[in-house]
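Beneath this line is the structure, given in structure tokens, with notes to follow.
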Amino acid sequence: MGLQLYDYVLSGSAYKARLFMALLGLDYQSVSIDFHPGGEHKKSDFLQINPAGTLPVLVDGDLTLCDTQAILAYLAHKFDTTNQWYPTNDPVATGRILQWLAFAGRLTDTAGAARLHDMLGRSLDIDAARKGAHKALRELEAHLTEQGFRGHAFLIGSKPTIADIACFPYTALAPDGGIEHDDYPAIRKWLIAIRRLPGFIEMPGIHRLHDMRDEDGG
Amino acid sequence: MNADHSEFVEGPDGWIPVALSVDLPEAGVMRAVIAGAQPLDLVVWRSRSGQVSAFDNRCPHRGMRLSFGFVRGERLSCIYHGWQYGEDGGCRHIPAHPDMTPPTSICANTYACQDHDGVVWVSKGADNSDDLPNFGGQGLRSLSVERGETVLRKLLAETHLPVSLTSDMQMAEAAIATQTRTSLVLEARSDAKNLRLMVHFQKITPDRTMLHVQTSPELPAELRISLSRWAERFRWSAENLGTMINSWDATSQETHP
Ligand SMILES: N[C@@H](CCC(=O)N[C@@H](CS)C(=O)NCC(=O)O)C(=O)O
Ligand code: FES
């Protein structure tokens with residue numbers, strides 16, 4: 001039996017797993033969970049699989065993984081023969097990647113929360129969520145600005161890693177929660193660099209680069 | 001602060017900086033907000049061939065933000081129904097009626113827009129690029145600060161800049177070399193020659209400013225990183241000005257009741 005992903009099309013976290021599997025060229029079976037309006041992820045059948053009641057969940061044989069960042073690390077370790085996406089033989093890169101994976105959790109809890117509020121009407125402190133998101137985006141912007149001076153287009157170096165995949169969706173989707181990209185030019189360039197990766201896939205709110213195709217003249 | 005606000009009665013006149021040229025690459029689309037009695041919400045975009053343009057950020061069709069759109073060759077395409085606009089704002093193509101030539105009455109509201117001296121400038125009226133500065137700087141970064149322009153100009157006059165290539169701890173006093181309506185040039189003596197920092201101000205609201213920062217050309221990466229960290233510190237001190245004074249007062253009251 002191959003890989004199975006408990007999935008929801010509008011989930012930025014589930015999209016991290018879908019995007020990474022697409023970039024690695026992996027096949028998987030998607031099990032769609034009715035997150036909204038069904039709330040299936042908080043019902044007993046799903047809680048048997050993931051007691052935390054969050055998406056996504058990856059199942060590979062006997063292994064069940066319920067944390068998005070752990071899913072990315074596992075997939076990289078098992079399937080990335082180039083060792084580019086999670087170079088665990090390099091202690092500095094490993095440390096830095098783990099730091100950005102933790103940072104991705106902050107993006108989910110702030111920008112991701114603001115999006116749940118604005119799109120699905122989740123009740124939460126929206127001002128605190130947006131404030132926290134801007135604080136996180138300022139940190140990301142400062143880091144990417146410095147990376148630019150070093151000639152590096154991505155979070156860790158000149159090649160993308162699972163850190164970029166983990167931070168990409170909720171940064172890209174931030175405007176859905178009323179958090180604009182206007183103040184963050186380095187982030188805007190990084191978002192384009194990720195969308196340019198071979199094998200990139202879309203989700204609602206995150207589009208392919210249309211400017212790659214100029215088929216109707218212009 | 002009052003002087004700051006009075007500038008908003010008439011709305012912005014002349015050229016306003018909205019981005020560093022390097023931050024608006026070919027086929028790039030961005031939003032820019034400019035404060036005024038009638039604040040401007042603009043889409044600024046660069047065509048494939050490198051031409052920059054600025055329109056009101058409203059699609060003439062159904063009002064969708066054009067800054068969500070994308071560039072196709074020399075046209076800006078709206079994300080919603082795909083209407084395409086040329087650099088003069090005129091509608092060139094309507095996908096639902098591909099054989100129709102759109103009437104000239106369908107037109108985005110345009111502004112003068114220039115890529116000059118490493119900065120993208122927008123103007124409501126003046127179209128004369130002779131009014132634009134020539135500092136010969138290299139783009140460092142743009143950053144927003146939750147402070148009005150007047151306060152920021154005052155604080156910049158008192159700043160110290162990192163000048164050493166080996167450590168960002170070595171700071172030199174900076175002096176204002178030039179001030180114009182839109183810009184301020186700081187100069188500090190560095191190891192070899194004078195370091196120049198060009199700061200261009202874009203008012204977003206009376207209390208919120210975008211700084212577009214350029215430096216002397218061809219600085220090494222280490223110094224550019226130090227200057228970027230200086231900008232972070234500068235923003236922090238500008239935004240925490242009041243808080244610092246207040247919390248200091250609170251502390252001194254506690255210790256000296
Ligand atoms: N710590 C989790 C968080 C993932 C997460 O927050 N997923 C969202 C969907 S995007 C979720 O399932 N939230 C549950 C809820 O808000 O009800 C992880 O990284 O896997
Ligand atoms: S709103 Fe822009 S094309 Fe319809």
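As shown in the structure tokens, the chain order sets the letters A, B, ...; within each chain, residues go from 1, and ligands are also counted from 1 in the order they appear.
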Problem set entry | chain A contacts to chain B at 12 Å (only C-alpha atoms) as a ChimeraX atom specification | /A:134-135,137-139,141-152,175-176,180-192,205-218
Please identify every residue of chain B that has at least one atom no farther than 6 Å from an atom of ligand 2, counting only C-alpha atoms and all ligand atoms, and for each give the shortest atom pair and the distance in Å to one decimal, arranged by chain then increasing number, as a Markdown table.
```
| residue | atom | partner | partner_atom_place_in_ligand_line | distance |
| --- | --- | --- | --- | --- |
| B:Cys59 | CA | ligand 2 | 2 (Fe) | 4.6 |
| B:His61 | CA | ligand 2 | 1 (S) | 4.6 |
| B:Arg62 | CA | ligand 2 | 1 (S) | 3.8 |
| B:Gly63 | CA | ligand 2 | 1 (S) | 5.2 |
| B:Met64 | CA | ligand 2 | 1 (S) | 4.5 |
| B:Cys78 | CA | ligand 2 | 2 (Fe) | 4.6 |
| B:Tyr80 | CA | ligand 2 | 4 (Fe) | 4.9 |
| B:His81 | CA | ligand 2 | 3 (S) | 3.7 |
| B:Gly82 | CA | ligand 2 | 3 (S) | 4.8 |
| B:Trp83 | CA | ligand 2 | 3 (S) | 4.3 |
```
Keeping only C-alpha atoms, write the selected residues as a PDB file, in the first residue's frame.
```
ATOM      1  CA  CYS B  59     -10.661  47.183 -12.624  1.00  0.00           C
ATOM      2  CA  HIS B  61     -15.116  46.088 -15.336  1.00  0.00           C
ATOM      3  CA  ARG B  62     -16.306  45.105 -11.845  1.00  0.00           C
ATOM      4  CA  GLY B  63     -13.872  46.876  -9.565  1.00  0.00           C
ATOM      5  CA  MET B  64     -11.577  43.938  -8.739  1.00  0.00           C
ATOM      6  CA  CYS B  78      -7.306  41.328 -14.340  1.00  0.00           C
ATOM      7  CA  TYR B  80     -11.343  38.158 -12.297  1.00  0.00           C
ATOM      8  CA  HIS B  81     -12.570  38.021 -15.917  1.00  0.00           C
ATOM      9  CA  GLY B  82      -9.266  38.533 -17.657  1.00  0.00           C
ATOM     10  CA  TRP B  83      -9.795  41.970 -19.183  1.00  0.00           C
TER      11      TRP B  83
END
```
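Proximity of A:Tyr74, A:Leu98, A:Gly132, A:Pro169 to ligand 1, computed with only C-alpha atoms and all ligand atoms, is greatest for A:Pro169.
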For this session: Could you please extract the residues within 6 Å of ligand 1, counting only C-alpha atoms and all ligand atoms, and hand them back as a ChimeraX atom specification?
Result: /A:11-13,54-55,66-69
For this session: Once DSSP has gone over the backbone, tell me which residues of region 11-248 of chain B are in helix (DSSP H, G or I), as a PyMOL selection string.
Result: chain B and resi 21-23+66-68+129-131+149-156+221-239+241-248
Since we have the selection now, will you write its residues out, keeping C-alpha atoms, as a PDB file, in the first residue's frame?
```pdb
ATOM      1  CA  SER B  21      13.356  49.369  -9.070  1.00  0.00           C
ATOM      2  CA  VAL B  22      14.909  46.006  -8.133  1.00  0.00           C
ATOM      3  CA  ASP B  23      11.754  45.110  -6.186  1.00  0.00           C
ATOM      4  CA  LEU B  66      -5.849  45.062 -10.400  1.00  0.00           C
ATOM      5  CA  SER B  67      -2.911  44.345  -8.050  1.00  0.00           C
ATOM      6  CA  PHE B  68      -4.217  40.751  -7.883  1.00  0.00           C
ATOM      7  CA  SER B 129      11.375  63.623 -14.977  1.00  0.00           C
ATOM      8  CA  ASP B 130      13.715  66.641 -14.609  1.00  0.00           C
ATOM      9  CA  ASP B 131      12.160  67.021 -11.146  1.00  0.00           C
ATOM     10  CA  GLU B 149       7.521  61.183   7.945  1.00  0.00           C
ATOM     11  CA  THR B 150       8.389  64.282  10.001  1.00  0.00           C
ATOM     12  CA  VAL B 151       9.356  62.224  13.059  1.00  0.00           C
ATOM     13  CA  LEU B 152      11.410  59.859  10.930  1.00  0.00           C
ATOM     14  CA  ARG B 153      13.345  62.710   9.320  1.00  0.00           C
ATOM     15  CA  LYS B 154      14.186  64.050  12.792  1.00  0.00           C
ATOM     16  CA  LEU B 155      15.331  60.651  14.041  1.00  0.00           C
ATOM     17  CA  LEU B 156      17.434  60.029  10.937  1.00  0.00           C
ATOM     18  CA  ALA B 221      27.406  41.899   1.007  1.00  0.00           C
ATOM     19  CA  GLU B 222      28.549  42.035   4.689  1.00  0.00           C
ATOM     20  CA  LEU B 223      28.096  45.792   4.837  1.00  0.00           C
ATOM     21  CA  ARG B 224      24.722  45.626   3.099  1.00  0.00           C
ATOM     22  CA  ILE B 225      23.622  43.073   5.719  1.00  0.00           C
ATOM     23  CA  SER B 226      24.835  45.399   8.491  1.00  0.00           C
ATOM     24  CA  LEU B 227      22.947  48.302   6.938  1.00  0.00           C
ATOM     25  CA  SER B 228      19.798  46.188   6.632  1.00  0.00           C
ATOM     26  CA  ARG B 229      20.107  45.376  10.371  1.00  0.00           C
ATOM     27  CA  TRP B 230      20.662  49.063  11.072  1.00  0.00           C
ATOM     28  CA  ALA B 231      17.353  49.711   9.285  1.00  0.00           C
ATOM     29  CA  GLU B 232      15.619  47.134  11.533  1.00  0.00           C
ATOM     30  CA  ARG B 233      17.054  48.816  14.631  1.00  0.00           C
ATOM     31  CA  PHE B 234      16.140  52.254  13.343  1.00  0.00           C
ATOM     32  CA  ARG B 235      12.542  51.104  12.824  1.00  0.00           C
ATOM     33  CA  TRP B 236      12.431  49.538  16.267  1.00  0.00           C
ATOM     34  CA  SER B 237      13.614  52.712  17.978  1.00  0.00           C
ATOM     35  CA  ALA B 238      11.243  54.883  15.913  1.00  0.00           C
ATOM     36  CA  GLU B 239       8.238  52.703  16.724  1.00  0.00           C
ATOM     37  CA  LEU B 241       9.911  55.923  21.028  1.00  0.00           C
ATOM     38  CA  GLY B 242       6.770  56.631  23.065  1.00  0.00           C
ATOM     39  CA  THR B 243       6.773  53.248  24.794  1.00  0.00           C
ATOM     40  CA  MET B 244      10.370  53.652  25.885  1.00  0.00           C
ATOM     41  CA  ILE B 245       9.697  57.031  27.443  1.00  0.00           C
ATOM     42  CA  ASN B 246       6.463  55.817  29.073  1.00  0.00           C
ATOM     43  CA  SER B 247       7.959  52.655  30.508  1.00  0.00           C
ATOM     44  CA  TRP B 248      10.972  54.602  31.726  1.00  0.00           C
TER      45      TRP B 248
END
```
Report as an mmCIF file with N, CA, C and O atoms, in the first residue's frame all protein, DNA and RNA residues lying within 8 Å of Thr171 (chain A), evaluated on only C-alpha atoms, omitting residues in the same chain fewer than 4 positions from it.
```
data_model
loop_
_atom_site.group_PDB
_atom_site.id
_atom_site.type_symbol
_atom_site.label_atom_id
_atom_site.label_comp_id
_atom_site.auth_asym_id
_atom_site.auth_seq_id
_atom_site.Cartn_x
_atom_site.Cartn_y
_atom_site.Cartn_z
ATOM 1 N N LEU A 107 3.388 30.941 11.742
ATOM 2 C CA LEU A 107 2.596 31.458 10.615
ATOM 3 C C LEU A 107 1.200 30.826 10.613
ATOM 4 O O LEU A 107 0.204 31.508 10.386
ATOM 5 N N ALA A 111 -1.199 34.049 10.723
ATOM 6 C CA ALA A 111 -1.770 34.299 9.386
ATOM 7 C C ALA A 111 -2.825 33.242 9.046
ATOM 8 O O ALA A 111 -3.872 33.561 8.476
ATOM 9 N N LEU A 137 5.996 38.108 9.663
ATOM 10 C CA LEU A 137 6.383 38.445 8.285
ATOM 11 C C LEU A 137 7.543 39.436 8.254
ATOM 12 O O LEU A 137 8.392 39.382 7.362
ATOM 13 N N CYS A 167 6.995 27.215 5.095
ATOM 14 C CA CYS A 167 6.645 28.628 5.319
ATOM 15 C C CYS A 167 5.842 29.232 4.173
ATOM 16 O O CYS A 167 5.219 30.289 4.345
#
```
